[in-house]
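**Q** Next up is a structure, given as structure tokens.
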Amino acid sequence: MPNGEYLRYVALGDSQTEGLGDGDDTVGLRGWADRLAEHLAAVNPGLRYANLAVRGRTAGQVRAEQLGPALALSPDLATVVAGVNDLLKPRFNAAEVAGHLEEMFAVLTAAGTHVVTMTFPDVGKIAPLARPIRSRVFDLNTRIRAAAARQGIAVAETGRQAVATDPRLWSTDRLHASPLGHERIAAAVAHAIHLPGSSEAWTLPLPPQAVAAGWQAAGAEVRWAAAFLGPWLGRRLRGQSSGDGRTAKRSQLLPMTAMPAPPANSAQRESS
């Protein structure tokens, strides 16, 4: 769409798109999709925005639960970002995950929607204990790029920029972006759709910071595993998800001046 003239934006996805890491369930979550909607509204004051994302959802669940409602809203812009929860499962099938994503790309595009997706950064540089799944991330990114090319949709290449793995762009759980990270993601998507006023500035590195000593870094890994990795694995072993019983925070297209209150089913924030 020329000059970023979007009036109906719908976001589909999981916890990152819902906004975890940027706000909380008491005051409400903001997140990169909300921030992108703010950028869009600055260009198009009549913008209406819906966010159907729910934490814990896999790509297949996003397709099954969110694609239909998204189509019913007749968006002229949609972001489709999912797959991280699939990456973390014991059994991961990159082709299957990419297939769910491409189906969403194709169906939305056929309905006249401009679709944008993104690639994922190297998790091994964000959380060293996650290095065993780096190959999964690289495989999925390659498939996302190929699917996007086939369907003619835009890709925000957060997976290729070194700044994306800067720890300051990630919250303490290392699974969700920090407020600064969410703002960088929003800027990346704005640039991918050539929104007026956007630029490549989101790729610029942050100022240098002191590097932790080896023993300090090792201690941080132990604390992270105890506080976040352990509980996450426990939920998966029990067949639970942080998204159980949750609904979308913004299921209808609303003006940016009408931000909904935190959902009544909110609970203490959990990972992905």
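Chain labels run A, B, ... following the order of the structure tokens; each chain numbers its residues from 1, and ligands are numbered from 1 in the order shown.
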When DSSP works through the backbone of this structure, what residues of stretch 59-245 of chain A end up as strand (DSSP E), shown as a PyMOL selection string?

**A** chain A and resi 77-81+114-118+154-156

**Q** Show which residues sit within 8 Å of stretch 34-51 of chain A, as a ChimeraX atom specification. Count only C-alpha atoms, and ignore same-chain residues fewer than 2 positions away.

**A** /A:4-12,17-19,30-32,53,182-183,186-187,189-190,195-196,248-256

**Q** Need to verify the contact set: stretch 140-148 of chain A, 8 Å, only C-alpha atoms, exclusion of same-chain residues closer than 6 positions in sequence. Can you return it as JSON, numbers by chain?

**A** {"A": [94, 95, 97, 98, 101, 102, 105, 117, 118, 119, 120, 154, 155, 159]}

**Q** With C-alpha atoms retained, export the selected residues as a PDB file, in the first residue's frame.

**A**
```pdb
ATOM      1  CA  ALA A  94      10.665 -26.743  10.943  1.00  0.00           C
ATOM      2  CA  ALA A  95       8.815 -27.613   7.744  1.00  0.00           C
ATOM      3  CA  VAL A  97       5.940 -24.743  11.490  1.00  0.00           C
ATOM      4  CA  ALA A  98       6.863 -22.867   8.320  1.00  0.00           C
ATOM      5  CA  LEU A 101       3.080 -19.611   8.719  1.00  0.00           C
ATOM      6  CA  GLU A 102       2.964 -19.757   4.931  1.00  0.00           C
ATOM      7  CA  PHE A 105       0.645 -15.525   4.673  1.00  0.00           C
ATOM      8  CA  THR A 117       6.581 -11.288   9.311  1.00  0.00           C
ATOM      9  CA  MET A 118      10.020 -11.438  10.911  1.00  0.00           C
ATOM     10  CA  THR A 119      12.969 -13.725  11.514  1.00  0.00           C
ATOM     11  CA  PHE A 120      14.375 -14.618  14.934  1.00  0.00           C
ATOM     12  CA  ALA A 154       7.697  -8.239   3.710  1.00  0.00           C
ATOM     13  CA  VAL A 155      10.180  -9.554   6.274  1.00  0.00           C
ATOM     14  CA  GLY A 159      17.454 -12.399  12.726  1.00  0.00           C
TER      15      GLY A 159
END
```

**Q** Report, in Å to a single decimal, how far apart atom CA of A:Pro179 and atom CA of A:Leu204 are.

**A** 16.5 Å

**Q** Within 12 Å of A:Ala164, counting only C-alpha atoms, which residues show up once you throw out same-chain ones fewer than 2 positions away? Write them as a PyMOL selection string, please.

**A** chain A and resi 119-126+156-162+166-170+174+176-178+180-185+188+202-206

**Q** Residues of stretch 128-173 of chain A in helix (DSSP H, G or I) according to DSSP, as a PyMOL selection string?

**A** chain A and resi 128-151+158-160+162-165+167-169

**Q** Report as a list of chain:residue names all protein, DNA and RNA residues lying within 6 Å of A:Arg57, evaluated on only C-alpha atoms, omitting residues in the same chain fewer than 2 positions from it.

**A** A:Asp14, A:Arg55, A:Gln61

**Q** Determine the nearest neighbour of A:Glu103 from the options A:Gly60, A:Gly23, A:Pro207, A:Gly13, counting only C-alpha atoms.

**A**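 Using only C-alpha atoms, A:Glu103 sits closest to A:Gly60.
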
**Q** Rounded to one decimal in Å, what is the spacing between atom CA of A:Ala70 and atom CA of A:Gly83?

**A**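 According to the coordinates, atom CA of A:Ala70 and atom CA of A:Gly83 are separated by 18.2 Å.
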